[in-house]
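K.L.:
I have a structure I would like to understand better, so I am pasting it below and will then ask my questions one at a time.
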Amino acid sequence: MATMALAADRSDQRPATIPQASYGPLAVLALAQIGTSSDSAAMNLATASLVGSLGATLDDIQVATALFSLIAGAFMIAGGLVGVTIGLRRGLAAGLSMALVGELIATLSPNIAVFTWGGRVVMALGACLVTPAVLGLVAALYQGRQRAIAFGTIAGAAALSTLSPLALGAVMDQAGFRLTFAIMAAYFAIVLCCTRLVPATPPAGRHARFDVAGTAVAALGLGLALIGVSHLSDWGILAPQKMCPFTVFGMAPTLPAIVAGLLLLGLLVPTERRAERRGNPLIPTVFVTSKGVRAGLAAVFVPFFYMGAVGILATPYLQLVTGFTALQTGLLSLLSGIPMFLLATFLPKLAPHLSSRLIIRAGFVALACACGLMALGVQQHGVTLPLFLGMALGGFGVGAVNSQANNAVACSVSREEAEQSGGIQGAARSIGLALGTALAGTCLLLTMAGGFTTLAVEGGVQHDLMAAATDRASTLMADDAFDELTAQWGASEDQAAKLVEAKSAAQSNAMRLTFGALGCVVLLSLLTTRNLVETAVPKSPGKTLGTERAESATRA
């Protein structure tokens, strides 16, 4: 069967309209958003502690990190359907409960396998319920200007969580990962208790059965595509690399996985047409056919793509090449986190009449300019002021886009569809973050390895040293650390200097090229903004086009 019945509270049928909510429940939703985002920050900070306490390798930690992103990207849309099927508040409570259990498993893990396949998997599944429920509840409880302010608050909460490494990093340094994840478990327990403050939204009658077929096709398709993209750098694109676990007709499995995933996603269209005739689609047709929805989802996707790329570029370079500590790197997050929080939170409230389409376009331009500044700020042996200015400008750009993007999607559809849109918006976030990380990392490693080989040959490095040096050419390293390796290879003082110079130049050039490519991608995304639904509150009496569409669809 393609559908499965889910238990739902049918004692309270969906009313024609849901009473306008106060901003009190919004605090609970914002806290839930901060929790899921801060969990990712805790994981990013746990590397040294996991290596020391559980004997984890860097490969183990990479698997734990990638697994969370893959699950979130593959099942986030299904989480949105679960929410509207059983009720969004129930979905939120279920997701927070799973997050609590996942953090407890991580806290008590005796080894890295339990930490990864227990704690991180359960936490990821919890996030697949929490994020769609948060976005769906905003769409369900608030309308008009209230909705714009509420979505801005949620975006501000996500931005505020970028500052959590300051506190979590201090705990991690002093007490290790166990206490850090125990604190996260306590946090989710508190938020779970607060969900009673959120008004219930009765489950929609047409979602009484769950779209199993659509969920399976979407999860498998997205999962295969994301696995392929995330392993382009370590498994290889065509020729298999050393870390490639198996081959497909003599080639790396990355491209076959991506192609298979895309083909499955193509099958999702007819699958969902059949599901919509039964009244329970995972992805309503309007999410695919509406130009406004597609443009809004692109606006949701781009900032997270940018953040994923910058996260894999700037932070490792600062720590591994220039010698910044974890605390110093956390402090630098203030440069982007503060403007991100301020614009996302207060722009919808202070400038409700400003064109939302103009704000998103200005945000995209700011992100592209930020990439250019960061490229200028990367130097061969360190970084300069433009890099930090670029990080700050990027915070303004992300904050501006996030202040409007979620509302642009919600205002393109009816109220009921807006409630379910939380799942596909959450998927756009997760996929953007995963793709940004994977593609930027792959671009960096490939250009760094190729650049090192060219520079080393031009610099006169001896051939017998090239083999050993090339193996480490795609790893970001400080000059001193690489110099120590040259001594192990038996390089003379002159050859060591040439190797260090080639390595330093290659990684700085690769960083600049990757930042430049990222800026070009963001600029191209401006083409998607033409069809954005305008959500600004008009100065003259009347309503925005998006609000009129939503209200007319609700009345119908």
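Starting from 1 in every chain, residues are counted up; chains themselves are A, B, ... following the order of the structure tokens, and ligands are numbered from 1 as listed.
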I want to know what sits within 8 Å of A:Phe181, based on only C-alpha atoms, with residues of the same chain fewer than 2 positions away left out; could you give that as an mmCIF file with C-alpha atoms, in the first residue's frame?
P.N.:
```cif
data_model
loop_
_atom_site.group_PDB
_atom_site.id
_atom_site.type_symbol
_atom_site.label_atom_id
_atom_site.label_comp_id
_atom_site.auth_asym_id
_atom_site.auth_seq_id
_atom_site.Cartn_x
_atom_site.Cartn_y
_atom_site.Cartn_z
ATOM 1 C CA ALA A 42 28.095 21.455 19.885
ATOM 2 C CA GLU A 103 21.379 14.045 23.465
ATOM 3 C CA LEU A 104 21.164 11.585 26.370
ATOM 4 C CA ALA A 106 25.342 11.012 23.077
ATOM 5 C CA THR A 107 26.092 11.896 26.699
ATOM 6 C CA PHE A 177 31.564 16.435 25.337
ATOM 7 C CA ARG A 178 29.532 14.525 27.940
ATOM 8 C CA LEU A 179 28.610 17.542 30.048
ATOM 9 C CA ILE A 183 23.318 20.458 29.021
ATOM 10 C CA MET A 184 21.715 20.235 25.594
ATOM 11 C CA ALA A 185 19.495 17.385 26.858
#
```
K.L.:
Show me, as number ranges by chain, the residues that have an atom within 7 Å of stretch 394-403 of chain A when counting only C-alpha atoms, minus same-chain residues fewer than 2 positions from it.
P.N.:
A: 151-152, 155, 299-300, 303, 336-337, 339-341, 343-345, 347-348, 359-360, 363-364, 366-367, 370, 390-392, 405
K.L.:
Can those selected residues be exported to a file as a short mmCIF file (atom, residue, chain, number, x, y, z; two decimals), in the first residue's frame so that it contains N, CA, C and O atoms?
P.N.:
```cif
data_model
loop_
_atom_site.label_atom_id
_atom_site.label_comp_id
_atom_site.auth_asym_id
_atom_site.auth_seq_id
_atom_site.Cartn_x
_atom_site.Cartn_y
_atom_site.Cartn_z
N PHE A 151 8.13 35.06 11.54
CA PHE A 151 9.15 34.38 10.75
C PHE A 151 10.52 35.06 10.95
O PHE A 151 11.55 34.39 11.01
N GLY A 152 10.52 36.38 11.05
CA GLY A 152 11.77 37.08 11.32
C GLY A 152 12.36 36.70 12.66
O GLY A 152 13.58 36.56 12.80
N ALA A 155 13.98 33.31 12.30
CA ALA A 155 15.26 33.47 11.61
C ALA A 155 16.29 34.09 12.54
O ALA A 155 17.47 33.72 12.53
N ALA A 299 15.24 31.36 -2.09
CA ALA A 299 15.68 32.35 -1.12
C ALA A 299 15.97 31.72 0.23
O ALA A 299 16.84 32.19 0.97
N VAL A 300 15.26 30.64 0.58
CA VAL A 300 15.57 29.90 1.80
C VAL A 300 16.88 29.15 1.64
O VAL A 300 17.71 29.09 2.57
N PRO A 303 21.02 31.34 1.53
CA PRO A 303 21.80 31.71 2.72
C PRO A 303 22.43 30.51 3.42
O PRO A 303 23.55 30.60 3.93
N SER A 336 29.50 37.91 12.26
CA SER A 336 28.37 37.59 11.38
C SER A 336 27.10 37.34 12.17
O SER A 336 26.00 37.66 11.70
N GLY A 337 27.23 36.79 13.37
CA GLY A 337 26.04 36.43 14.14
C GLY A 337 25.21 37.62 14.59
O GLY A 337 23.98 37.59 14.54
N PRO A 339 24.94 40.90 13.28
CA PRO A 339 24.11 41.52 12.22
C PRO A 339 23.06 40.56 11.67
O PRO A 339 21.96 40.98 11.30
N MET A 340 23.37 39.27 11.64
CA MET A 340 22.40 38.29 11.19
C MET A 340 21.17 38.30 12.09
O MET A 340 20.02 38.32 11.62
N PHE A 341 21.41 38.31 13.39
CA PHE A 341 20.32 38.33 14.37
C PHE A 341 19.52 39.63 14.29
O PHE A 341 18.28 39.62 14.27
N LEU A 343 19.14 41.93 11.84
CA LEU A 343 18.34 42.13 10.64
C LEU A 343 17.20 41.13 10.54
O LEU A 343 16.07 41.51 10.22
N ALA A 344 17.48 39.86 10.83
CA ALA A 344 16.43 38.86 10.71
C ALA A 344 15.29 39.12 11.69
O ALA A 344 14.12 38.95 11.36
N THR A 345 15.64 39.58 12.89
CA THR A 345 14.63 39.77 13.92
C THR A 345 13.86 41.07 13.78
O THR A 345 12.62 41.10 13.90
N LEU A 347 14.11 43.63 11.16
CA LEU A 347 13.78 44.24 9.88
C LEU A 347 12.29 44.11 9.55
O LEU A 347 11.66 45.10 9.12
N PRO A 348 11.65 42.93 9.74
CA PRO A 348 10.20 42.86 9.44
C PRO A 348 9.37 43.77 10.34
O PRO A 348 8.29 44.22 9.92
N ILE A 359 14.63 43.53 -0.50
CA ILE A 359 15.47 43.14 0.63
C ILE A 359 16.22 41.85 0.32
O ILE A 359 17.43 41.73 0.59
N ILE A 360 15.54 40.87 -0.27
CA ILE A 360 16.19 39.61 -0.61
C ILE A 360 17.27 39.83 -1.66
O ILE A 360 18.38 39.28 -1.58
N GLY A 363 20.19 41.37 -0.08
CA GLY A 363 20.91 40.37 0.70
C GLY A 363 21.80 39.50 -0.16
O GLY A 363 22.94 39.19 0.21
N PHE A 364 21.30 39.09 -1.33
CA PHE A 364 22.12 38.29 -2.24
C PHE A 364 23.37 39.07 -2.70
O PHE A 364 24.48 38.52 -2.75
N ALA A 366 24.83 41.46 -1.08
CA ALA A 366 25.73 41.57 0.07
C ALA A 366 26.52 40.28 0.26
O ALA A 366 27.72 40.31 0.57
N LEU A 367 25.88 39.13 0.05
CA LEU A 367 26.58 37.85 0.19
C LEU A 367 27.67 37.70 -0.87
O LEU A 367 28.77 37.23 -0.58
N ALA A 370 30.48 39.91 0.06
CA ALA A 370 31.18 39.33 1.20
C ALA A 370 32.17 38.27 0.74
O ALA A 370 33.29 38.19 1.26
N GLY A 390 34.34 40.91 5.36
CA GLY A 390 33.48 40.04 4.56
C GLY A 390 32.59 39.18 5.44
O GLY A 390 31.41 38.97 5.12
N MET A 391 33.13 38.67 6.55
CA MET A 391 32.31 37.87 7.47
C MET A 391 31.16 38.70 8.03
O MET A 391 30.02 38.23 8.14
N ALA A 392 31.46 39.96 8.38
CA ALA A 392 30.41 40.84 8.91
C ALA A 392 29.37 41.16 7.84
O ALA A 392 28.15 41.11 8.10
N ALA A 405 12.49 35.32 3.58
CA ALA A 405 12.37 34.14 2.72
C ALA A 405 11.25 33.21 3.15
O ALA A 405 10.45 32.75 2.32
#
```
K.L.:
So which bits of stretch 338-481 of chain A end up strand (DSSP E or B) when you DSSP the backbone, as number ranges by chain?
P.N.:
A: 378-379, 382-383
K.L.:
Which residue gives the smallest distance to A:Ala497 among A:Gly266, A:Gly83, A:Gly55, A:Gly460, with only C-alpha atoms counted?
P.N.:
A:Gly460
K.L.:
Using only C-alpha atoms, which protein or nucleic acid residues come within 7 Å of stretch 522-525 of chain A? Drop anything in the same chain fewer than 2 positions from it, and give the result as a PyMOL selection string.
P.N.:
chain A and resi 364-365+367-368+518-520+527-528
K.L.:
Keeping only N, CA and C atoms, take the residues you just selected and write them out as an mmCIF file, in the first residue's frame.
P.N.:
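Listed below is the output, again_37.cif:
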```
data_model
loop_
_atom_site.group_PDB
_atom_site.id
_atom_site.type_symbol
_atom_site.label_atom_id
_atom_site.label_comp_id
_atom_site.auth_asym_id
_atom_site.auth_seq_id
_atom_site.Cartn_x
_atom_site.Cartn_y
_atom_site.Cartn_z
ATOM 1 N N PHE A 364 21.301 39.094 -1.331
ATOM 2 C CA PHE A 364 22.123 38.294 -2.245
ATOM 3 C C PHE A 364 23.369 39.067 -2.696
ATOM 4 N N VAL A 365 23.181 40.336 -3.028
ATOM 5 C CA VAL A 365 24.323 41.162 -3.445
ATOM 6 C C VAL A 365 25.333 41.285 -2.304
ATOM 7 N N LEU A 367 25.877 39.127 0.053
ATOM 8 C CA LEU A 367 26.581 37.852 0.191
ATOM 9 C C LEU A 367 27.668 37.705 -0.872
ATOM 10 N N ALA A 368 27.359 38.112 -2.101
ATOM 11 C CA ALA A 368 28.359 38.028 -3.166
ATOM 12 C C ALA A 368 29.543 38.949 -2.873
ATOM 13 N N LEU A 518 32.014 30.828 -5.062
ATOM 14 C CA LEU A 518 30.828 30.950 -4.224
ATOM 15 C C LEU A 518 30.106 32.263 -4.499
ATOM 16 N N GLY A 519 30.859 33.346 -4.633
ATOM 17 C CA GLY A 519 30.259 34.636 -4.935
ATOM 18 C C GLY A 519 29.526 34.627 -6.264
ATOM 19 N N CYS A 520 30.086 33.948 -7.261
ATOM 20 C CA CYS A 520 29.425 33.860 -8.569
ATOM 21 C C CYS A 520 28.110 33.082 -8.485
ATOM 22 N N LEU A 527 18.764 35.579 -10.334
ATOM 23 C CA LEU A 527 17.819 35.279 -11.410
ATOM 24 C C LEU A 527 16.542 34.648 -10.871
ATOM 25 N N THR A 528 16.610 34.041 -9.701
ATOM 26 C CA THR A 528 15.436 33.367 -9.137
ATOM 27 C C THR A 528 14.493 34.328 -8.423
#
```
K.L.:
Could you produce a table of the residues of stretch 367-421 of chain A lying within 9 Å of stretch 120-139 of chain A, with the nearest pair of atoms per residue and their separation in Å rounded to one decimal, using only C-alpha atoms, ordered by chain and increasing residue number, as JSON lines?
P.N.:
```
{"residue": "A:Asn406", "atom": "CA", "partner": "A:Leu135", "partner_atom": "CA", "distance": 8.0}
{"residue": "A:Asn407", "atom": "CA", "partner": "A:Ala139", "partner_atom": "CA", "distance": 8.2}
{"residue": "A:Ala410", "atom": "CA", "partner": "A:Ala139", "partner_atom": "CA", "distance": 6.5}
{"residue": "A:Cys411", "atom": "CA", "partner": "A:Ala139", "partner_atom": "CA", "distance": 8.8}
{"residue": "A:Arg415", "atom": "CA", "partner": "A:Ala139", "partner_atom": "CA", "distance": 6.9}
{"residue": "A:Glu416", "atom": "CA", "partner": "A:Ala139", "partner_atom": "CA", "distance": 8.6}
{"residue": "A:Ala418", "atom": "CA", "partner": "A:Ala139", "partner_atom": "CA", "distance": 5.8}
{"residue": "A:Glu419", "atom": "CA", "partner": "A:Gly136", "partner_atom": "CA", "distance": 4.0}
{"residue": "A:Gln420", "atom": "CA", "partner": "A:Gly136", "partner_atom": "CA", "distance": 6.0}
{"residue": "A:Ser421", "atom": "CA", "partner": "A:Gly136", "partner_atom": "CA", "distance": 6.6}
```
K.L.:
Could you tell me how far atom CA of A:Leu282 lies from atom CA of A:Gly214, in Å and to one decimal?
P.N.:
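Distance between the two atoms: 5.9 Å.
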K.L.:
Could you write out, as a ChimeraX atom specification, all the residues of stretch 181-308 of chain A that DSSP marks as alpha helix (DSSP H)?
P.N.:
/A:181-194,212-230,232-235,254-278,285-289,291-308
K.L.:
Just want the 12 Å neighbourhood of A:Ala113, counted on only C-alpha atoms, with same-chain residues fewer than 6 positions away dropped. Output as a PyMOL selection string.
P.N.:
chain A and resi 50+54-57+60-61+63-64+105-106+119-121
K.L.:
May I ask which of the residues A:Thr116, A:Thr486, A:Ser355, A:Thr201 is the closest one to A:Leu92, counting only C-alpha atoms?
P.N.:
A:Thr201
K.L.:
Please determine, counting only C-alpha atoms, which residue among A:Gly118, A:Pro352, A:Gly176, A:Gly330 has the shortest atom-to-atom distance to A:Gln146.
P.N.:
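Selected residue with least distance to A:Gln146: A:Pro352.
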K.L.:
Select, from A:Val537, A:Leu445, A:Leu226, A:Leu526, the residue with the minimum atom-to-atom distance to A:Arg145, counting only C-alpha atoms.
P.N.:
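For A:Arg145, the nearest of the given residues is A:Val537.
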K.L.:
With only C-alpha atoms as the atoms that count, which of A:Ile112, A:Ala536, A:Leu31, A:Ala456 lies nearest to A:Ala46?
P.N.:
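Of all the options, A:Ile112 lies closest to A:Ala46.
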K.L.:
So what do you get for atom CA of A:Thr529 versus atom CA of A:Gly292, distance-wise?
P.N.:
9.0 Å
K.L.:
Hey, what's within 8 Å of A:Leu268 if we count only C-alpha atoms and toss same-chain stuff fewer than 3 positions away? As a ChimeraX atom specification, please?
P.N.:
/A:214,217-218,264-265,271-272
K.L.:
I'd like the contact shell of A:Ala502 - 10 Å cut-off, only C-alpha atoms, skipping same-chain residues fewer than 5 positions apart - returned as a PyMOL selection string.
P.N.:
chain A and resi 380+451-459+461+473+496-497+507
K.L.:
Deliver the residues from the most recent selection as a file, using all heavy atoms, as a compact mmCIF listing (two decimals), in the first residue's frame.
P.N.:
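Just written: part-v3.txt:
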```txt
# COMPACT_ATOMS: atom_id res chain seq x y z
N GLN A 380 48.78 34.40 1.88
CA GLN A 380 49.53 33.15 1.81
C GLN A 380 49.89 32.62 3.19
O GLN A 380 49.93 31.41 3.39
CB GLN A 380 50.80 33.37 0.98
CG GLN A 380 51.55 32.07 0.69
CD GLN A 380 52.58 32.24 -0.40
OE1 GLN A 380 52.50 33.16 -1.20
NE2 GLN A 380 53.57 31.37 -0.42
N GLY A 451 46.86 22.80 -7.56
CA GLY A 451 47.74 23.96 -7.48
C GLY A 451 49.08 23.63 -6.85
O GLY A 451 50.13 24.15 -7.28
N PHE A 452 49.08 22.76 -5.84
CA PHE A 452 50.34 22.40 -5.20
C PHE A 452 51.27 21.68 -6.17
O PHE A 452 52.47 21.96 -6.23
CB PHE A 452 50.08 21.51 -3.98
CG PHE A 452 51.33 20.95 -3.37
CD1 PHE A 452 52.14 21.74 -2.55
CD2 PHE A 452 51.74 19.65 -3.63
CE1 PHE A 452 53.31 21.23 -2.01
CE2 PHE A 452 52.90 19.14 -3.09
CZ PHE A 452 53.69 19.93 -2.28
N THR A 453 50.71 20.74 -6.92
CA THR A 453 51.54 20.00 -7.88
C THR A 453 52.19 20.94 -8.88
O THR A 453 53.40 20.85 -9.17
CB THR A 453 50.68 18.95 -8.61
OG1 THR A 453 50.11 18.05 -7.66
CG2 THR A 453 51.52 18.17 -9.60
N THR A 454 51.41 21.87 -9.41
CA THR A 454 51.95 22.82 -10.39
C THR A 454 53.02 23.70 -9.78
O THR A 454 54.10 23.89 -10.36
CB THR A 454 50.80 23.69 -10.95
OG1 THR A 454 49.83 22.85 -11.56
CG2 THR A 454 51.33 24.68 -11.96
N LEU A 455 52.74 24.26 -8.60
CA LEU A 455 53.69 25.17 -7.96
C LEU A 455 54.95 24.45 -7.52
O LEU A 455 56.05 25.02 -7.57
CB LEU A 455 53.02 25.85 -6.76
CG LEU A 455 51.91 26.85 -7.10
CD1 LEU A 455 51.18 27.28 -5.84
CD2 LEU A 455 52.50 28.07 -7.81
N ALA A 456 54.81 23.20 -7.07
CA ALA A 456 55.98 22.44 -6.62
C ALA A 456 56.90 22.14 -7.80
O ALA A 456 58.14 22.24 -7.68
CB ALA A 456 55.55 21.15 -5.94
N VAL A 457 56.32 21.77 -8.92
CA VAL A 457 57.14 21.50 -10.11
C VAL A 457 57.82 22.78 -10.58
O VAL A 457 59.03 22.79 -10.90
CB VAL A 457 56.27 20.91 -11.23
CG1 VAL A 457 57.06 20.84 -12.54
CG2 VAL A 457 55.76 19.53 -10.83
N GLU A 458 57.08 23.88 -10.62
CA GLU A 458 57.66 25.16 -11.04
C GLU A 458 58.73 25.63 -10.06
O GLU A 458 59.70 26.29 -10.46
CB GLU A 458 56.56 26.22 -11.14
CG GLU A 458 55.58 25.97 -12.27
CD GLU A 458 54.46 27.00 -12.28
OE1 GLU A 458 54.40 27.81 -11.32
OE2 GLU A 458 53.66 27.00 -13.24
N GLY A 459 58.58 25.28 -8.79
CA GLY A 459 59.56 25.71 -7.79
C GLY A 459 60.79 24.86 -7.71
O GLY A 459 61.71 25.17 -6.93
N VAL A 461 60.95 21.45 -6.88
CA VAL A 461 60.94 20.40 -5.86
C VAL A 461 61.35 19.08 -6.50
O VAL A 461 60.91 18.74 -7.60
CB VAL A 461 59.53 20.28 -5.23
CG1 VAL A 461 59.47 19.09 -4.28
CG2 VAL A 461 59.17 21.55 -4.51
N ALA A 473 48.83 17.33 0.21
CA ALA A 473 48.63 18.63 -0.45
C ALA A 473 47.21 19.13 -0.32
O ALA A 473 46.96 20.33 -0.40
CB ALA A 473 49.02 18.53 -1.92
N ALA A 496 62.85 21.78 1.65
CA ALA A 496 61.77 21.99 2.61
C ALA A 496 61.14 23.37 2.43
O ALA A 496 59.92 23.53 2.48
CB ALA A 496 62.28 21.81 4.04
N ALA A 497 62.00 24.37 2.23
CA ALA A 497 61.49 25.73 2.05
C ALA A 497 60.64 25.83 0.78
O ALA A 497 59.60 26.51 0.77
CB ALA A 497 62.66 26.71 1.97
N GLN A 507 47.29 26.58 -1.01
CA GLN A 507 46.07 26.61 -0.21
C GLN A 507 45.46 28.01 -0.15
O GLN A 507 44.23 28.15 -0.13
CB GLN A 507 46.32 26.06 1.20
CG GLN A 507 47.34 26.75 2.02
CD GLN A 507 47.69 25.94 3.28
OE1 GLN A 507 47.39 24.75 3.39
NE2 GLN A 507 48.32 26.59 4.24
```
K.L.:
Just checking: using only C-alpha atoms, which residue out of A:Thr195, A:Ser53, A:Thr215, A:Thr254 ends up closest to A:Gly423?
P.N.:
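Looking only at the distances to A:Gly423, the closest residue turns out to be A:Thr215.
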K.L.:
So how many Å separate atom CA of A:Gln495 and atom CA of A:Gly382, to one decimal?
P.N.:
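Interatomic distance, atom CA of A:Gln495 to atom CA of A:Gly382: 22.1 Å.
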